[in-house]
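With compact mmCIF, N, CA and C atoms inside, this is query_9.txt:
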```
# COMPACT_ATOMS: atom_id res chain seq x y z
N ARG A 121 -19.14 -159.13 15.92
CA ARG A 121 -18.77 -157.78 16.28
C ARG A 121 -18.85 -157.56 17.78
N GLU A 122 -19.89 -158.11 18.38
CA GLU A 122 -20.03 -157.93 19.82
C GLU A 122 -18.84 -158.54 20.55
N ARG A 123 -18.42 -159.70 20.11
CA ARG A 123 -17.28 -160.37 20.75
C ARG A 123 -16.02 -159.50 20.65
N LEU A 124 -15.82 -158.89 19.50
CA LEU A 124 -14.67 -158.02 19.31
C LEU A 124 -14.69 -156.87 20.31
N LEU A 125 -15.85 -156.26 20.49
CA LEU A 125 -15.97 -155.15 21.44
C LEU A 125 -15.77 -155.63 22.88
N ARG A 126 -16.34 -156.79 23.22
CA ARG A 126 -16.20 -157.31 24.58
C ARG A 126 -14.75 -157.65 24.91
N GLU A 127 -14.07 -158.31 23.97
CA GLU A 127 -12.74 -158.84 24.27
C GLU A 127 -11.62 -157.83 24.12
N THR A 128 -11.82 -156.79 23.33
CA THR A 128 -10.75 -155.80 23.15
C THR A 128 -10.87 -154.64 24.12
N GLY A 129 -12.04 -154.42 24.64
CA GLY A 129 -12.23 -153.27 25.51
C GLY A 129 -12.29 -151.96 24.75
N SER A 130 -12.39 -152.03 23.44
CA SER A 130 -12.46 -150.83 22.61
C SER A 130 -13.83 -150.18 22.73
N LEU A 131 -13.86 -148.87 22.57
CA LEU A 131 -15.14 -148.15 22.58
C LEU A 131 -15.80 -148.13 21.21
N GLY A 132 -15.07 -148.53 20.20
CA GLY A 132 -15.64 -148.56 18.86
C GLY A 132 -14.69 -149.23 17.88
N VAL A 133 -15.27 -149.77 16.85
CA VAL A 133 -14.50 -150.46 15.81
C VAL A 133 -15.04 -150.03 14.46
N ARG A 134 -14.15 -149.65 13.56
CA ARG A 134 -14.58 -149.31 12.20
C ARG A 134 -14.83 -150.60 11.42
N GLN A 135 -15.87 -150.56 10.61
CA GLN A 135 -16.20 -151.71 9.79
C GLN A 135 -16.48 -151.23 8.38
N ARG A 136 -16.00 -151.99 7.41
CA ARG A 136 -16.33 -151.66 6.02
C ARG A 136 -16.39 -152.94 5.21
N ASP A 137 -17.19 -152.90 4.20
CA ASP A 137 -17.30 -154.04 3.28
C ASP A 137 -16.34 -153.82 2.13
N GLN A 138 -15.75 -154.90 1.67
CA GLN A 138 -14.82 -154.83 0.54
C GLN A 138 -15.22 -155.86 -0.51
N ALA A 139 -15.09 -155.46 -1.74
CA ALA A 139 -15.29 -156.38 -2.84
C ALA A 139 -13.92 -156.85 -3.32
N ARG A 140 -13.86 -158.06 -3.82
CA ARG A 140 -12.60 -158.61 -4.31
C ARG A 140 -12.77 -158.96 -5.78
N ILE A 141 -11.79 -158.55 -6.56
CA ILE A 141 -11.78 -158.97 -7.95
C ILE A 141 -10.59 -159.92 -8.11
N ALA A 142 -10.74 -160.89 -8.96
CA ALA A 142 -9.68 -161.88 -9.13
C ALA A 142 -9.51 -162.19 -10.61
N LEU A 143 -8.28 -162.48 -10.97
CA LEU A 143 -7.99 -162.90 -12.33
C LEU A 143 -8.52 -164.31 -12.57
N ARG A 144 -8.87 -164.59 -13.81
CA ARG A 144 -9.17 -165.96 -14.20
C ARG A 144 -7.86 -166.73 -14.10
N ARG A 145 -7.87 -167.93 -13.55
CA ARG A 145 -6.64 -168.68 -13.32
C ARG A 145 -6.68 -170.05 -13.97
N ASP A 146 -5.49 -170.51 -14.29
CA ASP A 146 -5.34 -171.90 -14.69
C ASP A 146 -3.96 -172.37 -14.26
N TRP A 147 -3.73 -173.65 -14.45
CA TRP A 147 -2.47 -174.27 -14.03
C TRP A 147 -1.83 -174.97 -15.21
N LEU A 148 -0.51 -175.00 -15.21
CA LEU A 148 0.21 -175.88 -16.12
C LEU A 148 1.36 -176.46 -15.32
N THR A 149 1.88 -177.56 -15.79
CA THR A 149 3.02 -178.20 -15.12
C THR A 149 4.19 -178.18 -16.08
N VAL A 150 5.34 -177.74 -15.57
CA VAL A 150 6.56 -177.71 -16.36
C VAL A 150 7.61 -178.54 -15.64
N GLU A 151 8.65 -178.90 -16.36
CA GLU A 151 9.75 -179.64 -15.76
C GLU A 151 10.90 -178.68 -15.49
N LEU A 152 11.38 -178.68 -14.26
CA LEU A 152 12.47 -177.81 -13.84
C LEU A 152 13.53 -178.67 -13.15
N HIS A 153 14.72 -178.69 -13.71
CA HIS A 153 15.81 -179.51 -13.17
C HIS A 153 15.38 -180.96 -13.01
N GLY A 154 14.56 -181.43 -13.96
CA GLY A 154 14.13 -182.83 -13.95
C GLY A 154 12.97 -183.14 -13.02
N HIS A 155 12.32 -182.12 -12.48
CA HIS A 155 11.22 -182.32 -11.54
C HIS A 155 10.01 -181.51 -11.98
N PRO A 156 8.79 -182.03 -11.74
CA PRO A 156 7.59 -181.28 -12.11
C PRO A 156 7.35 -180.11 -11.16
N VAL A 157 6.95 -178.99 -11.74
CA VAL A 157 6.59 -177.80 -10.96
C VAL A 157 5.28 -177.26 -11.53
N ARG A 158 4.29 -177.12 -10.66
CA ARG A 158 3.02 -176.52 -11.08
C ARG A 158 3.18 -175.00 -11.14
N VAL A 159 2.60 -174.42 -12.18
CA VAL A 159 2.65 -172.98 -12.39
C VAL A 159 1.22 -172.47 -12.46
N LYS A 160 0.91 -171.48 -11.63
CA LYS A 160 -0.41 -170.86 -11.65
C LYS A 160 -0.31 -169.61 -12.53
N ARG A 161 -1.25 -169.50 -13.48
CA ARG A 161 -1.28 -168.34 -14.36
C ARG A 161 -2.54 -167.53 -14.10
N GLY A 162 -2.39 -166.20 -14.19
CA GLY A 162 -3.53 -165.30 -14.05
C GLY A 162 -3.77 -164.56 -15.35
N TRP A 163 -5.03 -164.56 -15.79
CA TRP A 163 -5.39 -164.00 -17.09
C TRP A 163 -6.30 -162.80 -16.93
N LEU A 164 -6.01 -161.76 -17.71
CA LEU A 164 -6.87 -160.59 -17.83
C LEU A 164 -7.30 -160.56 -19.28
N SER A 165 -8.58 -160.78 -19.52
CA SER A 165 -9.09 -161.00 -20.88
C SER A 165 -8.33 -162.16 -21.50
N ASP A 166 -7.65 -161.94 -22.61
CA ASP A 166 -6.91 -163.02 -23.26
C ASP A 166 -5.42 -162.93 -23.02
N GLU A 167 -5.00 -162.15 -22.02
CA GLU A 167 -3.57 -161.95 -21.78
C GLU A 167 -3.17 -162.53 -20.42
N CYS A 168 -2.13 -163.36 -20.45
CA CYS A 168 -1.56 -163.87 -19.20
C CYS A 168 -0.69 -162.76 -18.62
N ILE A 169 -1.08 -162.24 -17.45
CA ILE A 169 -0.32 -161.12 -16.89
C ILE A 169 0.52 -161.53 -15.68
N VAL A 170 0.33 -162.75 -15.19
CA VAL A 170 1.16 -163.23 -14.09
C VAL A 170 1.25 -164.76 -14.16
N ALA A 171 2.43 -165.26 -13.86
CA ALA A 171 2.64 -166.72 -13.79
C ALA A 171 3.64 -166.97 -12.67
N ARG A 172 3.26 -167.84 -11.74
CA ARG A 172 4.13 -168.11 -10.59
C ARG A 172 4.19 -169.59 -10.31
N GLY A 173 5.38 -170.04 -9.96
CA GLY A 173 5.55 -171.43 -9.57
C GLY A 173 4.99 -171.69 -8.19
N GLU A 174 4.46 -172.89 -7.99
CA GLU A 174 3.92 -173.28 -6.69
C GLU A 174 5.08 -173.46 -5.71
N HIS A 175 5.02 -172.75 -4.59
CA HIS A 175 6.13 -172.74 -3.64
C HIS A 175 6.49 -174.15 -3.15
N ASP A 176 5.49 -174.95 -2.82
CA ASP A 176 5.77 -176.31 -2.31
C ASP A 176 6.54 -177.14 -3.34
N ASP A 177 6.18 -176.99 -4.61
CA ASP A 177 6.89 -177.73 -5.66
C ASP A 177 8.33 -177.25 -5.77
N LEU A 178 8.52 -175.94 -5.73
CA LEU A 178 9.88 -175.39 -5.81
C LEU A 178 10.71 -175.83 -4.61
N GLN A 179 10.09 -175.89 -3.44
CA GLN A 179 10.79 -176.35 -2.24
C GLN A 179 11.26 -177.79 -2.40
N ARG A 180 10.39 -178.64 -2.95
CA ARG A 180 10.76 -180.05 -3.19
C ARG A 180 11.93 -180.16 -4.17
N VAL A 181 11.89 -179.35 -5.22
CA VAL A 181 12.98 -179.37 -6.20
C VAL A 181 14.28 -178.91 -5.53
N SER A 182 14.19 -177.89 -4.70
CA SER A 182 15.37 -177.38 -4.00
C SER A 182 15.97 -178.46 -3.10
N GLU A 183 15.11 -179.14 -2.36
CA GLU A 183 15.60 -180.20 -1.46
C GLU A 183 16.21 -181.36 -2.24
N ALA A 184 15.62 -181.68 -3.39
CA ALA A 184 16.11 -182.82 -4.19
C ALA A 184 17.40 -182.50 -4.92
N THR A 185 17.58 -181.23 -5.31
CA THR A 185 18.72 -180.88 -6.15
C THR A 185 19.80 -180.09 -5.43
N GLY A 186 19.45 -179.49 -4.31
CA GLY A 186 20.40 -178.62 -3.61
C GLY A 186 20.50 -177.23 -4.20
N VAL A 187 19.66 -176.93 -5.18
CA VAL A 187 19.66 -175.61 -5.81
C VAL A 187 18.81 -174.67 -4.94
N PRO A 188 19.34 -173.49 -4.57
CA PRO A 188 18.57 -172.56 -3.73
C PRO A 188 17.26 -172.11 -4.40
N LEU A 189 16.27 -171.83 -3.56
CA LEU A 189 14.96 -171.41 -4.07
C LEU A 189 15.05 -170.19 -4.97
N ARG A 190 15.85 -169.19 -4.60
CA ARG A 190 15.91 -167.98 -5.42
C ARG A 190 16.47 -168.28 -6.81
N VAL A 191 17.39 -169.23 -6.89
CA VAL A 191 17.94 -169.64 -8.20
C VAL A 191 16.86 -170.37 -8.99
N LEU A 192 16.13 -171.26 -8.32
CA LEU A 192 15.05 -171.98 -8.99
C LEU A 192 13.98 -171.03 -9.51
N ARG A 193 13.65 -170.02 -8.72
CA ARG A 193 12.64 -169.05 -9.18
C ARG A 193 13.10 -168.32 -10.44
N GLY A 194 14.39 -167.96 -10.48
CA GLY A 194 14.93 -167.32 -11.67
C GLY A 194 14.92 -168.26 -12.86
N ASP A 195 15.32 -169.52 -12.64
CA ASP A 195 15.30 -170.51 -13.71
C ASP A 195 13.87 -170.71 -14.23
N LEU A 196 12.92 -170.78 -13.31
CA LEU A 196 11.53 -170.98 -13.70
C LEU A 196 11.01 -169.77 -14.47
N GLU A 197 11.35 -168.58 -14.03
CA GLU A 197 10.91 -167.38 -14.73
C GLU A 197 11.42 -167.37 -16.17
N ARG A 198 12.67 -167.74 -16.36
CA ARG A 198 13.21 -167.80 -17.72
C ARG A 198 12.51 -168.88 -18.54
N LEU A 199 12.22 -170.01 -17.90
CA LEU A 199 11.56 -171.11 -18.60
C LEU A 199 10.14 -170.75 -19.02
N ILE A 200 9.37 -170.19 -18.10
CA ILE A 200 7.97 -169.93 -18.42
C ILE A 200 7.76 -168.60 -19.13
N GLY A 201 8.79 -167.78 -19.22
CA GLY A 201 8.65 -166.51 -19.93
C GLY A 201 8.12 -166.70 -21.33
N GLY A 202 8.56 -167.74 -21.98
CA GLY A 202 8.12 -167.99 -23.35
C GLY A 202 6.83 -168.77 -23.46
N ILE A 203 6.39 -169.41 -22.37
CA ILE A 203 5.21 -170.25 -22.47
C ILE A 203 4.06 -169.78 -21.59
N ALA A 204 4.28 -168.72 -20.80
CA ALA A 204 3.25 -168.30 -19.84
C ALA A 204 1.94 -167.94 -20.54
N GLY A 205 2.00 -167.37 -21.72
CA GLY A 205 0.79 -166.94 -22.40
C GLY A 205 0.20 -167.93 -23.37
N GLU A 206 0.72 -169.13 -23.43
CA GLU A 206 0.20 -170.12 -24.38
C GLU A 206 -1.15 -170.64 -23.96
```

Would you mind writing the file out in structure tokens?
Amino acid sequence: RERLLRETGSLGVRQRDQARIALRRDWLTVELHGHPVRVKRGWLSDECIVARGEHDDLQRVSEATGVPLRVLRGDLERLIGGIAGE
């Protein structure tokens, strides 16, 4: 804190503590256009409420296939829609 005050020249800085809550997570791997893509799932109690493909994996698939990332994300969403909660 002292460093912040010294280096910014500010007369005061607001400070507050924050708590973070996080979903329970797990991973699964699916095949998309013939390539593996890791999918991170977030669970609230026994319900999967979010599932997202790993960006680096999607980027590799895009480079290998020439399919744009936004198209791959849509393809992945349709693919995992039925399996996200398994």

Please provide the set of residues having any atom within 6.5 Å of Leu189 of chain A, restricted to only N, CA and C atoms, with same-chain residues fewer than 5 positions apart removed, written as a count of residues only.
3

Mind listing as a ChimeraX atom specification all residues within 12 Å of (-7.5, -160.9, -8.6), counting only C-alpha atoms?
/A:139-145,161-164,169-170

Between atom N of Gln138 of chain A and atom CA of Cys168 of chain A, distance in Å (one decimal):
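We find that atom N of Gln138 of chain A and atom CA of Cys168 of chain A lie 26.8 Å from each other.
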
From the list A:Asp166, A:Arg136, A:Leu152, A:Val157, which residue is nearest Asp195 of chain A when using only N, CA and C atoms?
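Using only N, CA and C atoms, the shortest distance to Asp195 of chain A belongs to A:Leu152.
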
Need the shell around Glu174 of chain A: protein/DNA/RNA residues with any atom at most 5 Å away, counting only N, CA and C atoms. Skip same-chain ones fewer than 3 positions apart. Format as a short mmCIF file (atom, residue, chain, number, x, y, z; two decimals) with N, CA and C atoms, in the frame of the given file?
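Below is the file result.cif, written as the result:
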```cif
data_model
loop_
_atom_site.label_atom_id
_atom_site.label_comp_id
_atom_site.auth_asym_id
_atom_site.auth_seq_id
_atom_site.Cartn_x
_atom_site.Cartn_y
_atom_site.Cartn_z
N ARG A 158 4.29 -177.12 -10.66
CA ARG A 158 3.02 -176.52 -11.08
C ARG A 158 3.18 -175.00 -11.14
N VAL A 159 2.60 -174.42 -12.18
CA VAL A 159 2.65 -172.98 -12.39
C VAL A 159 1.22 -172.47 -12.46
N ASP A 177 6.18 -176.99 -4.61
CA ASP A 177 6.89 -177.73 -5.66
C ASP A 177 8.33 -177.25 -5.77
N LEU A 178 8.52 -175.94 -5.73
CA LEU A 178 9.88 -175.39 -5.81
C LEU A 178 10.71 -175.83 -4.61
#
```

Point-to-point distance in Å for atom CA of Glu167 of chain A and atom CA of His155 of chain A:
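These two atoms are separated by 27.2 Å.
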
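Secondary structure from DSSP on the backbone puts strand (DSSP E or B) at the following positions of segment 150-202 of chain A: A:Val150, A:Glu151, A:Leu152, A:His155, A:Pro156, A:Val157, A:Arg158, A:Val159, A:Lys160, A:Arg161, A:Gly162, A:Trp163, A:Leu164, A:Glu167, A:Cys168, A:Ile169, A:Val170, A:Ala171, A:Arg172, A:Gly173.
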